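Chemist: Sharing input-v1.tsv here; it has TSV, C-alpha atoms.
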```tsv
chain	number	residue	atom	x	y	z
A	1	MET	CA	-8.40	-18.33	37.75
A	2	ALA	CA	-7.40	-14.73	37.23
A	3	THR	CA	-5.44	-15.68	34.14
A	4	LYS	CA	-8.40	-17.54	32.70
A	5	GLY	CA	-10.60	-14.54	33.32
A	6	ARG	CA	-8.21	-12.27	31.45
A	7	ARG	CA	-8.10	-14.65	28.54
A	8	ALA	CA	-11.85	-14.73	28.38
A	9	THR	CA	-12.10	-10.94	28.19
A	10	ARG	CA	-9.40	-10.85	25.53
A	11	ALA	CA	-11.24	-13.38	23.38
A	12	LYS	CA	-13.84	-10.84	22.31
A	13	PRO	CA	-11.61	-8.30	20.53
A	14	ALA	CA	-9.57	-11.19	19.09
A	15	ARG	CA	-12.57	-12.02	16.91
A	16	ARG	CA	-11.75	-8.96	14.80
A	17	LYS	CA	-8.06	-9.71	14.39
A	18	PRO	CA	-8.18	-11.90	11.26
A	19	ALA	CA	-10.01	-9.16	9.36
A	20	LEU	CA	-7.32	-6.62	10.24
A	21	ARG	CA	-4.55	-9.00	9.19
A	22	ALA	CA	-6.19	-9.72	5.85
A	23	LYS	CA	-6.53	-6.01	5.19
A	24	ARG	CA	-2.83	-5.51	5.79
A	25	VAL	CA	-1.86	-8.19	3.27
A	26	VAL	CA	-3.81	-6.68	0.38
A	27	GLY	CA	-3.25	-3.05	1.41
A	28	ALA	CA	-0.32	-0.67	1.21
A	29	PRO	CA	3.17	-2.01	1.86
A	30	ARG	CA	4.05	-2.30	5.53
A	31	VAL	CA	6.09	0.56	6.82
A	32	GLY	CA	7.90	1.00	10.07
A	33	ARG	CA	11.30	0.15	11.41
A	34	THR	CA	10.26	-3.42	12.19
A	35	ALA	CA	8.69	-4.16	8.80
A	36	ALA	CA	8.78	-7.82	7.77
A	37	PRO	CA	11.84	-9.04	5.82
A	38	ILE	CA	11.66	-8.00	2.20
A	39	PRO	CA	12.02	-10.82	-0.34
A	40	SER	CA	13.90	-10.80	-3.67
A	41	ASP	CA	17.21	-9.18	-2.77
A	42	ILE	CA	19.41	-7.69	-5.46
A	43	ALA	CA	22.41	-9.95	-6.14
A	44	VAL	CA	25.69	-8.90	-4.54
A	45	ALA	CA	27.95	-7.49	-7.28
A	46	PHE	CA	31.17	-6.51	-5.46
A	47	ARG	CA	33.68	-8.21	-3.18
A	48	PRO	CA	36.10	-6.78	-0.64
A	49	GLY	CA	39.07	-5.27	-2.47
A	50	ASP	CA	37.12	-4.36	-5.62
A	51	ARG	CA	37.72	-0.82	-6.87
A	52	VAL	CA	34.49	1.10	-7.34
A	53	ARG	CA	33.43	4.59	-8.34
A	54	VAL	CA	30.49	6.38	-6.78
A	55	ARG	CA	28.02	7.51	-9.41
A	56	ALA	CA	28.13	11.26	-10.03
A	57	ILE	CA	24.39	11.80	-10.25
A	58	TYR	CA	22.29	14.36	-8.43
A	59	PRO	CA	18.64	13.29	-8.33
A	60	PRO	CA	16.18	14.85	-5.90
A	61	GLY	CA	14.69	12.70	-3.14
A	62	HIS	CA	16.00	11.18	0.07
A	63	ILE	CA	19.58	10.22	-0.79
A	64	ARG	CA	22.01	8.58	1.63
A	65	THR	CA	25.10	8.97	-0.54
A	66	PRO	CA	26.93	12.13	0.58
A	67	HIS	CA	27.36	14.80	-2.07
A	68	TYR	CA	31.09	15.12	-1.44
A	69	ILE	CA	31.84	11.49	-2.31
A	70	ARG	CA	30.02	11.31	-5.65
A	71	GLY	CA	32.38	10.72	-8.54
A	72	LYS	CA	35.18	9.52	-6.22
A	73	SER	CA	36.65	6.03	-6.30
A	74	GLY	CA	37.57	3.75	-3.45
A	75	LEU	CA	37.89	0.11	-2.41
A	76	ILE	CA	35.15	-2.16	-1.09
A	77	GLU	CA	36.08	-2.76	2.54
A	78	ARG	CA	33.18	-5.11	3.38
A	79	LEU	CA	29.62	-6.05	2.60
A	80	CYS	CA	27.43	-4.86	5.47
A	81	GLY	CA	24.33	-6.82	4.41
A	82	SER	CA	21.23	-6.13	2.34
A	83	PHE	CA	18.66	-3.58	3.43
A	84	GLY	CA	15.45	-1.98	2.21
A	85	ASN	CA	16.21	0.91	-0.11
A	86	PRO	CA	15.93	4.12	1.98
A	87	GLU	CA	15.17	6.13	-1.17
A	88	GLU	CA	11.90	4.16	-1.40
A	89	LEU	CA	11.25	3.74	2.32
A	90	ALA	CA	11.40	7.53	2.69
A	91	PHE	CA	8.18	7.79	0.67
A	92	GLY	CA	6.31	5.10	2.58
A	93	ARG	CA	6.95	2.27	0.12
A	94	SER	CA	8.32	-1.17	0.99
A	95	GLY	CA	11.95	-0.61	0.02
A	96	ALA	CA	11.96	-3.88	-1.95
A	97	PRO	CA	14.07	-5.30	-3.39
A	98	ARG	CA	16.71	-5.03	-0.70
A	99	GLN	CA	19.96	-3.43	-1.81
A	100	PRO	CA	23.41	-4.67	-0.80
A	101	LEU	CA	25.15	-2.06	1.37
A	102	TYR	CA	28.94	-1.80	1.37
A	103	ARG	CA	31.51	-0.04	3.47
A	104	VAL	CA	33.74	1.69	0.94
A	105	ARG	CA	37.16	3.05	1.85
A	106	PHE	CA	38.47	6.25	0.26
A	107	ILE	CA	41.85	8.00	0.55
A	108	GLN	CA	41.23	11.35	2.24
A	109	SER	CA	43.68	13.25	0.02
A	110	GLU	CA	41.74	12.02	-3.04
A	111	VAL	CA	38.45	13.19	-1.55
A	112	TRP	CA	39.63	16.63	-0.42
A	113	PRO	CA	42.05	18.50	-2.71
A	114	ASP	CA	43.40	20.58	0.19
A	115	TYR	CA	43.54	17.75	2.73
A	116	ALA	CA	46.10	18.63	5.41
A	117	GLY	CA	46.23	15.35	7.36
A	118	GLN	CA	48.39	12.26	7.00
A	119	ARG	CA	48.99	10.90	3.51
A	120	HIS	CA	47.42	7.53	4.19
A	121	ASP	CA	44.33	8.74	6.09
A	122	THR	CA	41.13	7.14	4.88
A	123	VAL	CA	37.41	7.70	5.26
A	124	ASP	CA	34.91	4.80	5.27
A	125	ILE	CA	31.40	5.46	3.95
A	126	GLU	CA	28.48	3.06	3.78
A	127	ILE	CA	27.00	3.15	0.28
A	128	TYR	CA	24.23	1.18	-1.40
A	129	GLN	CA	25.10	-0.94	-4.42
A	130	HIS	CA	23.01	1.01	-6.93
A	131	TRP	CA	25.28	4.02	-6.30
A	132	LEU	CA	28.45	2.08	-7.21
A	133	GLU	CA	30.04	1.06	-10.50
A	134	ARG	CA	33.22	-0.86	-11.21
A	135	ALA	CA	36.23	1.49	-11.56
B	1	MET	CA	23.15	20.03	-7.08
B	2	ARG	CA	23.96	19.62	-3.41
B	3	ALA	CA	20.91	19.42	-1.16
B	4	HIS	CA	21.00	21.97	1.65
B	5	HIS	CA	21.18	19.40	4.48
B	6	ASP	CA	24.02	17.49	2.78
B	7	MET	CA	26.74	19.57	4.46
B	8	GLY	CA	29.62	17.11	4.75
B	9	GLY	CA	32.92	18.91	4.15
B	10	LEU	CA	31.59	22.46	4.35
B	11	PRO	CA	33.13	24.92	6.83
B	12	ALA	CA	31.07	24.79	10.02
B	13	GLY	CA	33.21	26.23	12.80
B	14	PRO	CA	34.25	24.41	15.95
B	15	VAL	CA	32.17	21.58	17.41
B	16	GLU	CA	30.60	22.41	20.77
B	17	ALA	CA	31.45	19.27	22.72
B	18	THR	CA	29.17	19.79	25.71
B	19	GLU	CA	26.10	17.89	26.83
B	20	HIS	CA	22.88	19.71	27.56
B	21	ASP	CA	19.63	18.76	29.22
B	22	TYR	CA	16.64	18.19	27.02
B	23	LEU	CA	13.49	20.18	27.59
B	24	LEU	CA	10.27	18.34	28.40
B	25	TRP	CA	8.75	19.06	24.98
B	26	GLU	CA	11.89	17.72	23.28
B	27	LYS	CA	11.61	14.45	25.22
B	28	ARG	CA	7.96	14.29	24.21
B	29	VAL	CA	8.84	14.68	20.52
B	30	ASP	CA	11.36	11.87	20.86
B	31	ALA	CA	8.76	9.67	22.59
B	32	LEU	CA	6.21	10.51	19.88
B	33	MET	CA	8.62	9.31	17.19
B	34	MET	CA	9.30	6.06	19.09
B	35	LEU	CA	5.56	5.38	19.47
B	36	LEU	CA	4.68	6.21	15.85
B	37	SER	CA	7.43	3.93	14.53
B	38	ASP	CA	6.90	0.97	16.87
B	39	ARG	CA	5.87	-2.48	15.71
B	40	LYS	CA	2.24	-1.96	16.62
B	41	ARG	CA	1.64	1.37	14.87
B	42	GLN	CA	4.18	1.51	12.02
B	43	LEU	CA	2.98	4.97	11.05
B	44	LEU	CA	6.40	6.45	10.42
B	45	ARG	CA	9.91	5.27	9.87
B	46	VAL	CA	13.21	7.04	10.23
B	47	ASP	CA	13.64	7.37	6.45
B	48	GLN	CA	10.35	9.28	6.26
B	49	LEU	CA	11.35	11.44	9.21
B	50	ARG	CA	14.63	12.30	7.47
B	51	ARG	CA	12.90	12.99	4.14
B	52	GLY	CA	10.54	15.42	5.88
B	53	ILE	CA	13.46	17.24	7.50
B	54	GLU	CA	15.30	17.48	4.20
B	55	GLN	CA	12.19	18.98	2.59
B	56	LEU	CA	11.83	21.79	5.15
B	57	GLY	CA	13.61	24.31	2.94
B	58	SER	CA	16.97	25.87	3.73
B	59	ASP	CA	15.65	28.83	5.78
B	60	ALA	CA	13.55	26.65	8.08
B	61	TYR	CA	16.29	24.03	8.28
B	62	ASP	CA	18.82	26.60	9.52
B	63	ARG	CA	16.39	28.40	11.83
B	64	MET	CA	14.92	25.36	13.58
B	65	THR	CA	16.50	23.43	16.40
B	66	TYR	CA	16.97	19.66	16.22
B	67	TYR	CA	13.63	18.65	17.73
B	68	GLU	CA	11.78	21.48	16.00
B	69	ARG	CA	12.82	19.83	12.73
B	70	TRP	CA	11.59	16.48	14.05
B	71	ILE	CA	8.14	17.71	15.02
B	72	ALA	CA	7.76	19.64	11.75
B	73	SER	CA	8.55	16.48	9.78
B	74	ILE	CA	6.38	14.24	11.98
B	75	THR	CA	3.47	16.66	11.51
B	76	HIS	CA	3.80	16.71	7.71
B	77	ASN	CA	4.10	12.94	7.59
B	78	MET	CA	0.96	12.47	9.69
B	79	LEU	CA	-0.95	14.92	7.47
B	80	GLU	CA	0.22	12.97	4.41
B	81	ARG	CA	-0.92	9.70	5.96
B	82	GLY	CA	-4.27	11.15	6.98
B	83	VAL	CA	-3.73	10.46	10.69
B	84	PHE	CA	-5.21	13.92	11.27
B	85	THR	CA	-6.35	16.78	9.07
B	86	SER	CA	-5.06	20.38	8.99
B	87	ASP	CA	-8.43	21.49	10.33
B	88	GLU	CA	-8.24	19.14	13.32
B	89	LEU	CA	-4.68	20.19	14.02
B	90	GLY	CA	-5.51	23.91	13.71
B	91	ARG	CA	-8.43	23.63	16.13
B	92	LYS	CA	-6.35	21.67	18.64
B	93	MET	CA	-3.52	24.22	18.45
B	94	ALA	CA	-5.98	27.06	19.12
B	95	GLU	CA	-7.46	25.12	22.04
B	96	VAL	CA	-4.02	24.53	23.60
B	97	GLU	CA	-3.03	28.17	23.08
B	98	THR	CA	-6.15	29.34	24.89
B	99	ARG	CA	-5.52	26.92	27.73
B	100	LEU	CA	-1.87	27.97	28.11
B	101	ALA	CA	-2.82	31.64	28.06
B	102	ALA	CA	-5.34	31.03	30.85
B	103	GLU	CA	-2.72	29.15	32.87
B	104	ARG	CA	-0.26	32.02	32.51
B	105	GLU	CA	-2.69	34.62	33.85
B	106	PRO	CA	-1.95	35.62	37.42
B	107	ARG	CA	-4.42	34.19	39.88
B	108	GLY	CA	-6.46	35.97	42.55
```
Can you give me the file's structure in the form of structure tokens?
Modeler:
Amino acid sequence: MATKGRRATRAKPARRKPALRAKRVVGAPRVGRTAAPIPSDIAVAFRPGDRVRVRAIYPPGHIRTPHYIRGKSGLIERLCGSFGNPEELAFGRSGAPRQPLYRVRFIQSEVWPDYAGQRHDTVDIEIYQHWLERA
Amino acid sequence: MRAHHDMGGLPAGPVEATEHDYLLWEKRVDALMMLLSDRKRQLLRVDQLRRGIEQLGSDAYDRMTYYERWIASITHNMLERGVFTSDELGRKMAEVETRLAAEREPRG
């Protein structure tokens, strides 16, 4: 009986729910870490083992590609998946279309001219596809 | 040009590898971020939090502690979204200041 009673009291505010949902569909893109999946992904362009160069560009905005790796080349280690573009999400937009994200492996001594570690040391960095070009 | 926060590879001195306790207000800032970004509210996401921190300016970025940067960014993001106005925030801050001052005064 108690459960029924609770349902009955909940039924009143539920009357307003459809209106809120409709508003969301026509309104601004949904933001938040649990935003709905974004359709129309960008096609995957690289495969593990491909040699790529990180674009040497320096635009303002929220950029996830570290400054020190721009212009350097490395090998695709794996595809991590496709994700909303953080450069767009940072400004409250949807992040669509989703961008493929890769783990790219670089040789440390090629990244740092004065690198003092082992010759074959590497650094892996996760980089979005639009920052990569074939090398 | 390198953005100020993008410090990878720059000299930074030794890493202090010790844990420390968080202050109550720091835990509250963390909780605030979790609530604002949850499924129900979706008022802020981590990318927007980061963008706000990166836009603080180099002086503020260096001067502020970790959670000071968070609350500064959260505040700017909420102003941008119209969750509250500067006027509302200013009045509330004055109200809290007055209350805290009264609480600090010795009793009796």
Chemist: What residues in chain B lie within 10 Å of chain A, counting all atoms listed in the file, written as a ChimeraX atom specification?
Modeler: /B:1-3,6-10,34,36-55,77,81
Chemist: To one decimal place, how far is atom CA of Glu77 of chain A from atom CA of Pro11 of chain B in Å?
Modeler: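 Atom CA of Pro11 of chain B lies 28.2 Å from atom CA of Glu77 of chain A.
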Chemist: Please indicate the distance in Å from atom CA of Leu32 of chain B to atom CA of Leu89 of chain B, rounded to one decimal place.
Modeler: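 Between atom CA of Leu32 of chain B and atom CA of Leu89 of chain B the gap is 15.7 Å.
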Chemist: Which residues are near Leu23 of chain B? Cut-off 12 Å, only C-alpha atoms, ignore same chain within fewer than 3 positions. Put them as a short mmCIF file (atom, residue, chain, number, x, y, z; two decimals) with C-alpha atoms, in the frame of the given file.
Modeler:
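So part-v3.cif came out as:
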```
data_model
loop_
_atom_site.label_atom_id
_atom_site.label_comp_id
_atom_site.auth_asym_id
_atom_site.auth_seq_id
_atom_site.Cartn_x
_atom_site.Cartn_y
_atom_site.Cartn_z
CA HIS B 20 22.88 19.71 27.56
CA GLU B 26 11.89 17.72 23.28
CA LYS B 27 11.61 14.45 25.22
CA ARG B 28 7.96 14.29 24.21
CA VAL B 29 8.84 14.68 20.52
CA ASP B 30 11.36 11.87 20.86
CA TYR B 66 16.97 19.66 16.22
CA TYR B 67 13.63 18.65 17.73
CA GLU B 68 11.78 21.48 16.00
#
```
Chemist: For atom CA of Leu100 of chain B and atom CA of Tyr22 of chain B, determine how far apart the two atoms are, in Å to one decimal place.
Modeler: 21.0 Å
Chemist: Would you list the residues near (29.5, 1.3, -10.1) (no more than 9 Å away, in the coordinates of the file, using all atoms listed in the file) as a list in words?
Modeler: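 Every polymer residue passing the test: Val52, Arg53, Val54, Arg55, Gln129, His130, Trp131, Leu132, Glu133, Arg134 and Ala135 of chain A.
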Chemist: For Gln99 of chain A, which of A:Gln118, A:Leu75, A:Arg51, A:Ile127 is the closest residue, counting only C-alpha atoms?
Modeler: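 Counting only C-alpha atoms, the residue closest to Gln99 of chain A is A:Ile127.
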Chemist: Just the residues within 8 Å of Gln108 of chain A, please, counting only C-alpha atoms, with nothing from its chain fewer than 3 positions along; format it as an MDAnalysis selection string.
Modeler: chainID A and resid 111:112 115 119:123
Chemist: Write the residues of the selection above to a file with C-alpha atoms, as a compact mmCIF listing (two decimals), in the frame of the given file.
Modeler:
```
# COMPACT_ATOMS: atom_id res chain seq x y z
CA VAL A 111 38.45 13.19 -1.55
CA TRP A 112 39.63 16.63 -0.42
CA TYR A 115 43.54 17.75 2.73
CA ARG A 119 48.99 10.90 3.51
CA HIS A 120 47.42 7.53 4.19
CA ASP A 121 44.33 8.74 6.09
CA THR A 122 41.13 7.14 4.88
CA VAL A 123 37.41 7.70 5.26
```
Chemist: Determine, counting all atoms listed in the file, which protein, DNA and RNA residues have an atom within 9 Å of an atom of His4 of chain B; residues of the same chain fewer than 5 positions away are not included. Present the result as an MDAnalysis selection string.
Modeler: chainID B and resid 54 57:58 61
Chemist: Go through A:Pro97, A:Val104, A:Gly71, A:Leu79 one by one, measure the shortest atom-to-atom distance of each to Ala45 of chain A using all atoms listed in the file, and give the residue with the smallest value.
Modeler: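 Once distances to Ala45 of chain A are computed over all atoms listed in the file, the minimum belongs to A:Leu79.
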